[in-house]
Structure formats: C-alpha cells, structure tokens
Amino acid sequence: MAGSVFGNIFKVTTWGESHGPALGAVVDGCPAGLPIDEEYIQKFLDRRKPGQSEFSTKRNEADKVNILSGVFEGKTTGTPISLVIYNNSQISKDYSNIAECYRPGHADYTFDQKYGFRDYRGGGRSSGRETAGRVAAGAIAVKLLSEFGVEFTTYVESVADISIDYSRFDKSEISKNMLYMPDKTAAEEAAEYLKNLSADKDSSGATVKCVISGVPSGLGDPVFDKLDARLASAIMSIGAVKSFEVGNGKLASKLKGSENNDEFYSENGEVRKRTNNSGGILGGISDGSDIILTAAFKPTPSIYKAQNTVNSKNENISLEIKGRHDPIIAPRAVVVVETMAAIVLADALIMNCGSRVDNLKKIYDR
C-alpha cells in the first residue's frame, strides 16, 4: 500500500490497523536537540483518545505512547523517531456481520475494488484510529514550532447548523466542554442536539477551525508546493474531512476584490495587514499574519439505523451496524487537524532554511 508517508524533510510515516496489535508512526528529519518525552506526546493523544464523553466511542483505549528510538536523555538525536501505541480494547467480533457487505459511507467497497481484499475489523487502515499515529508524530512538530513562538488555537466551530457566536468567544472554554467549542451557550445547544440525534440512532457533521499564530513570513513554495496546497493535502487526508478552506474560503467567491483584498500598511518599520481575508497565505507563501484554516467533517458513517446496501455477491441487503462509534467525529478530530497542520509547517520551516544564501551563511559562516 502506497500513501502512508507525508512530508519532504520532516517526514511522517504511519502504520498499523484499528484491530491489529498496535499502530504508530515514524518521524524522520526532526532536528537533533529538541526536548521531547512520552509525557508531552501523551497530552496530545489524550485529547484524541476514545471513551472521553457520551459523544465519543465507548472503545476504552489508553492510547499510551512508547518512544522506541530517536530520543536520548530527553532530546531528539536527529535519527528516526519511532512511536508505538498498543491496541488493548479491540472487539473484532462486533464486525463479523459486515465481513461480506459494504457499509454505506465507508471505504469497504473501494478497498475491495483496489486490493481485492480488506480488513473488515473496524476498517483496518481506513479507520479513524489510524490518526493516533499522526497525532503522536504531530505532537513533535508542535513542539518544534513552539521553539519559534508558533501557537495553535483549534476548536469546533459548528455542529450541524449550530455555530459559535464570536461575540461570546472564550478560548478557555474550549477545554471545558466535551465538544471543544469556545462558546458555552453553543456547546450546550449542540450537546442537546446530539443527545436527541443519538437517541434516533443517527450522527452529525461539524466544522473545525484552526488558528495558527506566530508563523514567520516566507514559508511555502510557489506553484505545486504552495503552503495552502500542502495544508489542504494534509487536512483532506484526514478520513472524514470533505472540504477545506483558508481564510475567507468560499466566501471570497461572493466578494468584490476591494472587499476581499487585505490592505498593507507600515508600522514601526514592519509590514502589516489591516484585515486577514487571505488567512495568512499569499501566493502560497505565509505572510506573517495568523494562518486560519477550516475543515468540514461529514457525519459519522457508522450509525445504528438500518440501511440498505449490497454484499460482495452483489445482493441487495439491509444492514444494522454494531460496535462502538462516535455520533460526531469533530471533537476528537480537533487535535488531528492541529497536528497535521503542524507537520506541514514544521516541514516548511526546515525547507525554508535553504531558500536564500544568507540563510545558509547564518549556519555555515564562521
């Protein structure tokens, strides 16, 4: 299977299946000397792990990470960092009824068409559990970026038609409610909506917003490796993401140029923008203002309602999915969006070192 490696210099490979013995990631290209340990990475995995609320799957995984290589005496060595997370709560028998049929909204049919074989236990590599490896790897990218003052604020912006009110925006509220919404009132409304939806054996879509501050200008490359193109590739690679926007996103298509353009001005010898409709990226290159990303997640495809589908014999059947599934994906995916964005930015930061001769002189000129 191709497609499990992401990045140019700061490169991440994920491996493992939802119901296999373990899953994890290998990070290559991380500079030596970065302070990192399992406790730091665990904080990110704890934000993603299942069983935290009534709106996440009841699968009870500890998601404890072990660093197998690449770190010595609390610092990275510059060699590949291998991370492993052992599965300990998989119940494969819950999936025996779908071994020969295709779940609506899942990759069962397409995997069979591509490989002629699939791991039906929780979807194998197509399971959302694959993102645990991404989060572990991305935590290292976040740590690297923090050394340069880059910070992330990531949250659920909307659940179905219930959106946060930015006049009530409270960053501290994000970690206080189980939906990771920075608006207590909206979070309460969304929670009530999801309770009713769960009772009806259904699921909901949502959007996740990621605001990245402190990103230096000049990251990203024009043409095929634009920073927003790389971010789009990273975020769209998250299984349930169906659309991606930077800054105004699709709203820009409804505006005039005079409304959408960000005017520049000079302040204390620095170039600044009066607005940030571009979302911090111009011509595929970071402009020094906040990078603003939005990802739209589809409803969880595993629902308990009876659905019509077909089996591998092309027979029409009715299917009721068993197992333990999230009624909404976005709250646990907040940290996945954040860490995938961090992987892109860490890679771009390292790549940018070779973009100018004076950058190289700072390293080698003695």
# chains A, B, ... in the order shown; residues from 1 in each chain; ligands from 1
>>> residues_around(residues="segment 42-46 of chain A", least_positions_apart="6", cutoff="8 Å", atoms="only C-alpha atoms", output="list in words")
Asp63, Lys64, Val65, Ala132, Val135, Ala136, Ala139 and Val335 of chain A
>>> write_last_selection(atoms="N, CA, C and O atoms", output="CSV table (one decimal), in the first residue's frame")
chain,number,residue,atom,x,y,z
A,63,ASP,N,-4.3,4.4,24.9
A,63,ASP,CA,-3.5,5.2,23.9
A,63,ASP,C,-2.2,5.6,24.4
A,63,ASP,O,-1.8,6.8,24.2
A,64,LYS,N,-1.6,4.8,25.2
A,64,LYS,CA,-0.3,5.1,25.8
A,64,LYS,C,0.8,5.0,24.7
A,64,LYS,O,0.9,4.0,24.1
A,65,VAL,N,1.6,6.0,24.6
A,65,VAL,CA,2.7,6.0,23.6
A,65,VAL,C,4.0,5.6,24.2
A,65,VAL,O,4.3,5.9,25.3
A,132,ALA,N,-4.2,8.2,15.4
A,132,ALA,CA,-3.5,8.2,16.6
A,132,ALA,C,-2.0,8.3,16.3
A,132,ALA,O,-1.2,9.1,17.0
A,135,VAL,N,-1.2,11.9,15.3
A,135,VAL,CA,-1.2,12.8,16.5
A,135,VAL,C,0.1,12.7,17.3
A,135,VAL,O,0.7,13.7,17.7
A,136,ALA,N,0.5,11.5,17.5
A,136,ALA,CA,1.8,11.3,18.2
A,136,ALA,C,3.0,11.9,17.4
A,136,ALA,O,3.8,12.6,18.0
A,139,ALA,N,2.6,15.8,17.4
A,139,ALA,CA,3.0,16.5,18.7
A,139,ALA,C,4.4,16.9,18.7
A,139,ALA,O,4.8,18.0,19.3
A,335,VAL,N,-7.6,17.8,17.6
A,335,VAL,CA,-6.2,17.6,17.7
A,335,VAL,C,-5.6,17.0,16.5
A,335,VAL,O,-4.4,17.2,16.2
>>> residues_around(residues="segment 214-217 of chain A", least_positions_apart="2", cutoff="6 Å", atoms="only C-alpha atoms", output="number ranges by chain")
A: 149-150, 219, 286-288
>>> residues_around(residues="Leu282 of chain A", least_positions_apart="5", cutoff="12 Å", atoms="only C-alpha atoms", output="list of chain:residue names")
A:Ser217, A:Gly218, A:Leu219, A:Gly220, A:Asp221, A:Pro222, A:Val223, A:Lys226, A:Leu227, A:Asp228, A:Ala229, A:Val246, A:Gly247, A:Asn261, A:Asp262, A:Lys273, A:Asn276, A:Asn277, A:Asp287, A:Gly288, A:Ser289, A:Asp290, A:Ile291
>>> write_last_selection(atoms="N, CA, C and O atoms", output="PDB file, in the first residue's frame")
ATOM      1  N   SER A 217       6.844  34.880   8.172  1.00  0.00           N
ATOM      2  CA  SER A 217       6.554  35.048   6.756  1.00  0.00           C
ATOM      3  C   SER A 217       7.606  34.306   5.931  1.00  0.00           C
ATOM      4  O   SER A 217       8.728  34.085   6.383  1.00  0.00           O
ATOM      5  N   GLY A 218       7.221  33.913   4.725  1.00  0.00           N
ATOM      6  CA  GLY A 218       8.172  33.277   3.820  1.00  0.00           C
ATOM      7  C   GLY A 218       8.137  31.771   3.758  1.00  0.00           C
ATOM      8  O   GLY A 218       8.925  31.163   3.030  1.00  0.00           O
ATOM      9  N   LEU A 219       7.224  31.116   4.497  1.00  0.00           N
ATOM     10  CA  LEU A 219       7.143  29.649   4.455  1.00  0.00           C
ATOM     11  C   LEU A 219       6.263  29.206   3.294  1.00  0.00           C
ATOM     12  O   LEU A 219       5.212  29.790   3.032  1.00  0.00           O
ATOM     13  N   GLY A 220       6.677  28.159   2.627  1.00  0.00           N
ATOM     14  CA  GLY A 220       5.929  27.637   1.487  1.00  0.00           C
ATOM     15  C   GLY A 220       6.619  27.976   0.190  1.00  0.00           C
ATOM     16  O   GLY A 220       7.447  28.891   0.119  1.00  0.00           O
ATOM     17  N   ASP A 221       6.301  27.234  -0.842  1.00  0.00           N
ATOM     18  CA  ASP A 221       6.922  27.427  -2.150  1.00  0.00           C
ATOM     19  C   ASP A 221       5.849  27.621  -3.210  1.00  0.00           C
ATOM     20  O   ASP A 221       4.805  26.957  -3.173  1.00  0.00           O
ATOM     21  N   PRO A 222       6.073  28.536  -4.160  1.00  0.00           N
ATOM     22  CA  PRO A 222       5.069  28.772  -5.192  1.00  0.00           C
ATOM     23  C   PRO A 222       4.875  27.547  -6.092  1.00  0.00           C
ATOM     24  O   PRO A 222       5.651  26.611  -6.062  1.00  0.00           O
ATOM     25  N   VAL A 223       3.845  27.584  -6.890  1.00  0.00           N
ATOM     26  CA  VAL A 223       3.445  26.539  -7.839  1.00  0.00           C
ATOM     27  C   VAL A 223       2.918  25.301  -7.106  1.00  0.00           C
ATOM     28  O   VAL A 223       1.953  25.391  -6.367  1.00  0.00           O
ATOM     29  N   LYS A 226       2.758  25.104  -2.826  1.00  0.00           N
ATOM     30  CA  LYS A 226       2.188  26.216  -2.067  1.00  0.00           C
ATOM     31  C   LYS A 226       1.858  25.755  -0.646  1.00  0.00           C
ATOM     32  O   LYS A 226       1.437  24.614  -0.437  1.00  0.00           O
ATOM     33  N   LEU A 227       2.020  26.651   0.319  1.00  0.00           N
ATOM     34  CA  LEU A 227       1.749  26.281   1.708  1.00  0.00           C
ATOM     35  C   LEU A 227       0.294  25.880   1.884  1.00  0.00           C
ATOM     36  O   LEU A 227      -0.005  24.901   2.582  1.00  0.00           O
ATOM     37  N   ASP A 228      -0.624  26.612   1.257  1.00  0.00           N
ATOM     38  CA  ASP A 228      -2.036  26.242   1.403  1.00  0.00           C
ATOM     39  C   ASP A 228      -2.355  24.934   0.690  1.00  0.00           C
ATOM     40  O   ASP A 228      -3.228  24.175   1.124  1.00  0.00           O
ATOM     41  N   ALA A 229      -1.624  24.638  -0.398  1.00  0.00           N
ATOM     42  CA  ALA A 229      -1.831  23.357  -1.081  1.00  0.00           C
ATOM     43  C   ALA A 229      -1.356  22.195  -0.212  1.00  0.00           C
ATOM     44  O   ALA A 229      -2.005  21.147  -0.150  1.00  0.00           O
ATOM     45  N   VAL A 246      -9.123  28.158   3.489  1.00  0.00           N
ATOM     46  CA  VAL A 246      -8.134  29.040   4.095  1.00  0.00           C
ATOM     47  C   VAL A 246      -8.718  30.446   4.111  1.00  0.00           C
ATOM     48  O   VAL A 246      -9.251  30.914   3.095  1.00  0.00           O
ATOM     49  N   GLY A 247      -8.653  31.124   5.250  1.00  0.00           N
ATOM     50  CA  GLY A 247      -9.181  32.480   5.350  1.00  0.00           C
ATOM     51  C   GLY A 247     -10.658  32.529   5.027  1.00  0.00           C
ATOM     52  O   GLY A 247     -11.451  31.764   5.566  1.00  0.00           O
ATOM     53  N   ASN A 261      -9.467  41.943  -0.748  1.00  0.00           N
ATOM     54  CA  ASN A 261      -8.036  42.245  -0.629  1.00  0.00           C
ATOM     55  C   ASN A 261      -7.682  42.742   0.770  1.00  0.00           C
ATOM     56  O   ASN A 261      -8.440  43.506   1.379  1.00  0.00           O
ATOM     57  N   ASP A 262      -6.538  42.309   1.264  1.00  0.00           N
ATOM     58  CA  ASP A 262      -6.030  42.787   2.555  1.00  0.00           C
ATOM     59  C   ASP A 262      -5.049  43.930   2.299  1.00  0.00           C
ATOM     60  O   ASP A 262      -3.982  43.719   1.718  1.00  0.00           O
ATOM     61  N   LYS A 273      -1.022  43.923   7.826  1.00  0.00           N
ATOM     62  CA  LYS A 273      -2.257  43.927   7.048  1.00  0.00           C
ATOM     63  C   LYS A 273      -3.401  44.441   7.918  1.00  0.00           C
ATOM     64  O   LYS A 273      -3.453  44.148   9.116  1.00  0.00           O
ATOM     65  N   ASN A 276      -7.406  40.126   7.404  1.00  0.00           N
ATOM     66  CA  ASN A 276      -6.736  38.849   7.125  1.00  0.00           C
ATOM     67  C   ASN A 276      -7.667  37.908   6.372  1.00  0.00           C
ATOM     68  O   ASN A 276      -7.856  36.750   6.739  1.00  0.00           O
ATOM     69  N   ASN A 277      -8.268  38.437   5.310  1.00  0.00           N
ATOM     70  CA  ASN A 277      -9.162  37.614   4.496  1.00  0.00           C
ATOM     71  C   ASN A 277      -8.425  36.466   3.823  1.00  0.00           C
ATOM     72  O   ASN A 277      -9.012  35.430   3.519  1.00  0.00           O
ATOM     73  N   ASP A 287       2.423  35.010   5.113  1.00  0.00           N
ATOM     74  CA  ASP A 287       2.693  36.450   5.120  1.00  0.00           C
ATOM     75  C   ASP A 287       2.947  37.010   6.519  1.00  0.00           C
ATOM     76  O   ASP A 287       3.061  38.219   6.696  1.00  0.00           O
ATOM     77  N   GLY A 288       3.019  36.124   7.521  1.00  0.00           N
ATOM     78  CA  GLY A 288       3.331  36.559   8.877  1.00  0.00           C
ATOM     79  C   GLY A 288       2.130  36.801   9.755  1.00  0.00           C
ATOM     80  O   GLY A 288       2.266  36.932  10.976  1.00  0.00           O
ATOM     81  N   SER A 289       0.923  36.873   9.175  1.00  0.00           N
ATOM     82  CA  SER A 289      -0.288  37.002   9.984  1.00  0.00           C
ATOM     83  C   SER A 289      -0.817  35.615  10.337  1.00  0.00           C
ATOM     84  O   SER A 289      -0.301  34.596   9.872  1.00  0.00           O
ATOM     85  N   ASP A 290      -1.838  35.575  11.163  1.00  0.00           N
ATOM     86  CA  ASP A 290      -2.395  34.287  11.588  1.00  0.00           C
ATOM     87  C   ASP A 290      -2.816  33.456  10.378  1.00  0.00           C
ATOM     88  O   ASP A 290      -3.460  33.974   9.454  1.00  0.00           O
ATOM     89  N   ILE A 291      -2.465  32.179  10.388  1.00  0.00           N
ATOM     90  CA  ILE A 291      -2.975  31.252   9.382  1.00  0.00           C
ATOM     91  C   ILE A 291      -4.294  30.698   9.910  1.00  0.00           C
ATOM     92  O   ILE A 291      -4.354  30.188  11.040  1.00  0.00           O
TER      93      ILE A 291
END
>>> residues_around(residues="Ala187 of chain A", least_positions_apart="5", cutoff="8 Å", atoms="only C-alpha atoms", output="MDAnalysis selection string")
chainID A and resid 164 177 179:182
>>> select_by_dssp(residues="segment 134-353 of chain A", states="helix (DSSP H, G or I)", output="VMD selection string")
chain A and resid 134 to 146 166 to 168 171 to 173 184 to 199 223 to 225 227 to 236 249 to 254 257 to 260 330 to 353
>>> closest_atom_pairs(of="segment 247-326 of chain A", to="segment 109-124 of chain A", cutoff="12 Å", atoms="only C-alpha atoms", output="CSV")
residue,atom,partner,partner_atom,distance
A:Pro301,CA,A:Gly123,CA,11.8
A:Ser302,CA,A:Gly122,CA,10.1
A:Thr309,CA,A:Tyr109,CA,10.5
A:Val310,CA,A:Tyr109,CA,9.5
A:Asn311,CA,A:Tyr109,CA,9.2
A:Ser312,CA,A:Tyr109,CA,8.5
A:Lys313,CA,A:Tyr109,CA,11.8
A:Asn314,CA,A:Tyr109,CA,11.0
A:Ile321,CA,A:Gly122,CA,11.0
A:Lys322,CA,A:Gly122,CA,10.4
A:Gly323,CA,A:Gly122,CA,8.6
A:Arg324,CA,A:Gly122,CA,9.6
A:His325,CA,A:Gly122,CA,9.9
>>> write_last_selection(atoms="N, CA and C atoms", output="mmCIF file, in the first residue's frame")
data_model
loop_
_atom_site.group_PDB
_atom_site.id
_atom_site.type_symbol
_atom_site.label_atom_id
_atom_site.label_comp_id
_atom_site.auth_asym_id
_atom_site.auth_seq_id
_atom_site.Cartn_x
_atom_site.Cartn_y
_atom_site.Cartn_z
ATOM 1 N N PRO A 301 -20.172 7.820 9.523
ATOM 2 C CA PRO A 301 -20.940 6.915 8.659
ATOM 3 C C PRO A 301 -21.481 5.688 9.396
ATOM 4 N N SER A 302 -20.832 5.307 10.512
ATOM 5 C CA SER A 302 -21.317 4.157 11.278
ATOM 6 C C SER A 302 -22.459 4.597 12.180
ATOM 7 N N THR A 309 -27.902 -1.686 1.521
ATOM 8 C CA THR A 309 -26.589 -1.792 0.897
ATOM 9 C C THR A 309 -26.536 -3.075 0.063
ATOM 10 N N VAL A 310 -25.336 -3.460 -0.347
ATOM 11 C CA VAL A 310 -25.145 -4.712 -1.070
ATOM 12 C C VAL A 310 -23.998 -5.483 -0.426
ATOM 13 N N ASN A 311 -23.945 -6.771 -0.697
ATOM 14 C CA ASN A 311 -22.828 -7.577 -0.199
ATOM 15 C C ASN A 311 -21.861 -7.876 -1.345
ATOM 16 N N SER A 312 -20.826 -8.633 -1.038
ATOM 17 C CA SER A 312 -19.789 -8.920 -2.039
ATOM 18 C C SER A 312 -20.302 -9.787 -3.187
ATOM 19 N N LYS A 313 -21.519 -10.351 -3.030
ATOM 20 C CA LYS A 313 -22.138 -11.136 -4.100
ATOM 21 C C LYS A 313 -23.102 -10.288 -4.934
ATOM 22 N N ASN A 314 -23.077 -8.975 -4.682
ATOM 23 C CA ASN A 314 -23.954 -8.020 -5.379
ATOM 24 C C ASN A 314 -25.428 -8.257 -5.079
ATOM 25 N N ILE A 321 -25.449 -1.715 11.697
ATOM 26 C CA ILE A 321 -24.060 -1.746 12.149
ATOM 27 C C ILE A 321 -23.976 -1.877 13.667
ATOM 28 N N LYS A 322 -23.094 -2.767 14.106
ATOM 29 C CA LYS A 322 -22.845 -2.942 15.533
ATOM 30 C C LYS A 322 -21.527 -2.259 15.894
ATOM 31 N N GLY A 323 -21.058 -2.473 17.099
ATOM 32 C CA GLY A 323 -19.773 -1.904 17.501
ATOM 33 C C GLY A 323 -19.943 -0.631 18.307
ATOM 34 N N ARG A 324 -18.815 0.099 18.473
ATOM 35 C CA ARG A 324 -18.796 1.307 19.295
ATOM 36 C C ARG A 324 -18.297 2.471 18.434
ATOM 37 N N HIS A 325 -19.175 3.458 18.226
ATOM 38 C CA HIS A 325 -18.856 4.502 17.257
ATOM 39 C C HIS A 325 -19.205 5.890 17.797
#
>>> residues_around(residues="Thr153 of chain A", least_positions_apart="5", cutoff="9 Å", atoms="only C-alpha atoms", output="JSON, numbers by chain")
{"A": [171, 209, 210, 211, 212, 213, 338]}
>>> closest_atom_pairs(of="segment 128-219 of chain A", to="segment 22-36 of chain A", cutoff="10 Å", atoms="only C-alpha atoms", output="CSV")
residue,atom,partner,partner_atom,distance
A:Arg129,CA,A:Leu23,CA,8.6
A:Glu130,CA,A:Leu23,CA,7.2
A:Thr131,CA,A:Gly24,CA,9.0
A:Ala132,CA,A:Gly24,CA,7.0
A:Gly133,CA,A:Gly24,CA,4.3
A:Arg134,CA,A:Ala25,CA,6.8
A:Val135,CA,A:Ala25,CA,9.1
A:Ala136,CA,A:Ala25,CA,7.3
A:Ala137,CA,A:Val27,CA,6.3
A:Gly138,CA,A:Val27,CA,9.0
A:Ala139,CA,A:Ile36,CA,9.3
A:Ile140,CA,A:Ile36,CA,7.2
A:Ala141,CA,A:Cys30,CA,8.2
A:Lys143,CA,A:Ile36,CA,7.6
A:Leu144,CA,A:Leu34,CA,6.8
A:Glu147,CA,A:Leu34,CA,8.7
>>> write_last_selection(atoms="all heavy atoms", output="tab-separated table (two decimals), in the first residue's frame")
chain	number	residue	atom	x	y	z
A	129	ARG	N	-8.96	5.35	13.65
A	129	ARG	CA	-7.94	5.06	14.66
A	129	ARG	C	-6.53	5.24	14.10
A	129	ARG	O	-5.58	5.43	14.85
A	129	ARG	CB	-8.13	3.64	15.20
A	129	ARG	CG	-7.17	3.28	16.31
A	129	ARG	CD	-7.77	2.37	17.35
A	129	ARG	NE	-6.78	2.08	18.39
A	129	ARG	CZ	-6.43	2.92	19.34
A	129	ARG	NH1	-7.00	4.11	19.41
A	129	ARG	NH2	-5.53	2.61	20.24
A	130	GLU	N	-6.39	5.21	12.79
A	130	GLU	CA	-5.08	5.46	12.17
A	130	GLU	C	-4.52	6.82	12.57
A	130	GLU	O	-3.30	7.02	12.61
A	130	GLU	CB	-5.23	5.37	10.64
A	130	GLU	CG	-3.97	5.67	9.83
A	130	GLU	CD	-3.82	7.13	9.47
A	130	GLU	OE1	-4.85	7.85	9.44
A	130	GLU	OE2	-2.68	7.57	9.24
A	131	THR	N	-5.41	7.77	12.90
A	131	THR	CA	-4.95	9.12	13.22
A	131	THR	C	-4.19	9.20	14.54
A	131	THR	O	-3.55	10.22	14.81
A	131	THR	CB	-6.13	10.11	13.26
A	131	THR	OG1	-7.06	9.72	14.28
A	131	THR	CG2	-6.83	10.17	11.90
A	132	ALA	N	-4.24	8.16	15.36
A	132	ALA	CA	-3.46	8.17	16.60
A	132	ALA	C	-1.97	8.32	16.30
A	132	ALA	O	-1.25	9.06	16.98
A	132	ALA	CB	-3.72	6.90	17.41
A	133	GLY	N	-1.51	7.63	15.26
A	133	GLY	CA	-0.11	7.75	14.86
A	133	GLY	C	0.22	9.15	14.38
A	133	GLY	O	1.29	9.70	14.67
A	134	ARG	N	-0.69	9.76	13.64
A	134	ARG	CA	-0.49	11.13	13.17
A	134	ARG	C	-0.35	12.10	14.34
A	134	ARG	O	0.49	13.00	14.32
A	134	ARG	CB	-1.67	11.58	12.31
A	134	ARG	CG	-1.96	10.75	11.07
A	134	ARG	CD	-3.19	11.32	10.41
A	134	ARG	NE	-3.65	10.52	9.28
A	134	ARG	CZ	-4.03	11.05	8.13
A	134	ARG	NH1	-3.99	12.36	7.96
A	134	ARG	NH2	-4.46	10.28	7.15
A	135	VAL	N	-1.22	11.92	15.32
A	135	VAL	CA	-1.22	12.83	16.46
A	135	VAL	C	0.08	12.71	17.25
A	135	VAL	O	0.67	13.72	17.67
A	135	VAL	CB	-2.44	12.56	17.37
A	135	VAL	CG1	-2.33	13.33	18.69
A	135	VAL	CG2	-3.72	12.95	16.65
A	136	ALA	N	0.55	11.48	17.46
A	136	ALA	CA	1.81	11.27	18.17
A	136	ALA	C	2.97	11.95	17.43
A	136	ALA	O	3.81	12.62	18.04
A	136	ALA	CB	2.07	9.78	18.34
A	137	ALA	N	2.99	11.77	16.12
A	137	ALA	CA	4.05	12.39	15.31
A	137	ALA	C	3.90	13.90	15.28
A	137	ALA	O	4.87	14.65	15.39
A	137	ALA	CB	4.02	11.82	13.90
A	138	GLY	N	2.66	14.36	15.11
A	138	GLY	CA	2.40	15.79	15.02
A	138	GLY	C	2.70	16.53	16.30
A	138	GLY	O	3.01	17.73	16.27
A	139	ALA	N	2.61	15.84	17.44
A	139	ALA	CA	2.96	16.48	18.71
A	139	ALA	C	4.42	16.94	18.70
A	139	ALA	O	4.76	17.98	19.26
A	139	ALA	CB	2.71	15.51	19.86
A	140	ILE	N	5.26	16.16	18.04
A	140	ILE	CA	6.68	16.53	17.93
A	140	ILE	C	6.81	17.77	17.05
A	140	ILE	O	7.61	18.68	17.34
A	140	ILE	CB	7.49	15.35	17.35
A	140	ILE	CG1	7.41	14.16	18.31
A	140	ILE	CG2	8.94	15.75	17.11
A	140	ILE	CD1	8.01	12.88	17.76
A	141	ALA	N	6.01	17.86	15.98
A	141	ALA	CA	6.03	19.04	15.12
A	141	ALA	C	5.57	20.28	15.88
A	141	ALA	O	6.15	21.36	15.73
A	141	ALA	CB	5.14	18.80	13.90
A	143	LYS	N	5.87	20.77	19.06
A	143	LYS	CA	6.96	21.12	19.97
A	143	LYS	C	8.06	21.88	19.24
A	143	LYS	O	8.60	22.88	19.74
A	143	LYS	CB	7.53	19.85	20.60
A	143	LYS	CG	8.68	20.07	21.58
A	143	LYS	CD	8.21	20.84	22.81
A	143	LYS	CE	9.31	20.91	23.86
A	143	LYS	NZ	8.90	21.70	25.04
A	144	LEU	N	8.42	21.42	18.04
A	144	LEU	CA	9.44	22.10	17.25
A	144	LEU	C	9.01	23.53	16.93
A	144	LEU	O	9.80	24.48	17.08
A	144	LEU	CB	9.71	21.32	15.96
A	144	LEU	CG	10.69	21.96	14.96
A	144	LEU	CD1	12.07	22.12	15.60
A	144	LEU	CD2	10.78	21.11	13.69
A	147	GLU	N	9.27	26.23	19.64
A	147	GLU	CA	10.60	26.79	19.86
A	147	GLU	C	10.75	28.13	19.11
A	147	GLU	O	11.64	28.92	19.42
A	147	GLU	CB	11.68	25.82	19.36
A	147	GLU	CG	11.73	24.49	20.11
A	147	GLU	CD	12.38	24.63	21.47
A	147	GLU	OE1	13.45	25.27	21.56
A	147	GLU	OE2	11.81	24.11	22.45
>>> residues_around(residues="Val334 of chain A", least_positions_apart="4", cutoff="8 Å", atoms="only C-alpha atoms", output="PyMOL selection string")
chain A and resi 48+154-156+180+208+330+338
>>> residues_around(residues="Ile328 of chain A", least_positions_apart="3", cutoff="6 Å", atoms="only C-alpha atoms", output="list of chain:residue names")
A:Ser203, A:Ser204, A:Thr300
>>> decode(residues="segment 310-323 of chain A", atoms="N, CA and C atoms", output="mmCIF file, in the first residue's frame")
data_model
loop_
_atom_site.group_PDB
_atom_site.id
_atom_site.type_symbol
_atom_site.label_atom_id
_atom_site.label_comp_id
_atom_site.auth_asym_id
_atom_site.auth_seq_id
_atom_site.Cartn_x
_atom_site.Cartn_y
_atom_site.Cartn_z
ATOM 1 N N VAL A 310 -25.336 -3.460 -0.347
ATOM 2 C CA VAL A 310 -25.145 -4.712 -1.070
ATOM 3 C C VAL A 310 -23.998 -5.483 -0.426
ATOM 4 N N ASN A 311 -23.945 -6.771 -0.697
ATOM 5 C CA ASN A 311 -22.828 -7.577 -0.199
ATOM 6 C C ASN A 311 -21.861 -7.876 -1.345
ATOM 7 N N SER A 312 -20.826 -8.633 -1.038
ATOM 8 C CA SER A 312 -19.789 -8.920 -2.039
ATOM 9 C C SER A 312 -20.302 -9.787 -3.187
ATOM 10 N N LYS A 313 -21.519 -10.351 -3.030
ATOM 11 C CA LYS A 313 -22.138 -11.136 -4.100
ATOM 12 C C LYS A 313 -23.102 -10.288 -4.934
ATOM 13 N N ASN A 314 -23.077 -8.975 -4.682
ATOM 14 C CA ASN A 314 -23.954 -8.020 -5.379
ATOM 15 C C ASN A 314 -25.428 -8.257 -5.079
ATOM 16 N N GLU A 315 -25.701 -8.755 -3.884
ATOM 17 C CA GLU A 315 -27.083 -8.957 -3.452
ATOM 18 C C GLU A 315 -27.527 -7.759 -2.619
ATOM 19 N N ASN A 316 -28.749 -7.306 -2.822
ATOM 20 C CA ASN A 316 -29.298 -6.212 -2.027
ATOM 21 C C ASN A 316 -29.663 -6.713 -0.638
ATOM 22 N N ILE A 317 -29.190 -6.010 0.390
ATOM 23 C CA ILE A 317 -29.461 -6.435 1.761
ATOM 24 C C ILE A 317 -29.736 -5.212 2.629
ATOM 25 N N SER A 318 -30.203 -5.469 3.833
ATOM 26 C CA SER A 318 -30.368 -4.434 4.858
ATOM 27 C C SER A 318 -29.318 -4.679 5.935
ATOM 28 N N LEU A 319 -28.708 -3.594 6.427
ATOM 29 C CA LEU A 319 -27.603 -3.722 7.375
ATOM 30 C C LEU A 319 -27.824 -2.856 8.600
ATOM 31 N N GLU A 320 -27.606 -3.436 9.789
ATOM 32 C CA GLU A 320 -27.572 -2.669 11.036
ATOM 33 C C GLU A 320 -26.174 -2.821 11.620
ATOM 34 N N ILE A 321 -25.449 -1.715 11.697
ATOM 35 C CA ILE A 321 -24.060 -1.746 12.149
ATOM 36 C C ILE A 321 -23.976 -1.877 13.667
ATOM 37 N N LYS A 322 -23.094 -2.767 14.106
ATOM 38 C CA LYS A 322 -22.845 -2.942 15.533
ATOM 39 C C LYS A 322 -21.527 -2.259 15.894
ATOM 40 N N GLY A 323 -21.058 -2.473 17.099
ATOM 41 C CA GLY A 323 -19.773 -1.904 17.501
ATOM 42 C C GLY A 323 -19.943 -0.631 18.307
#
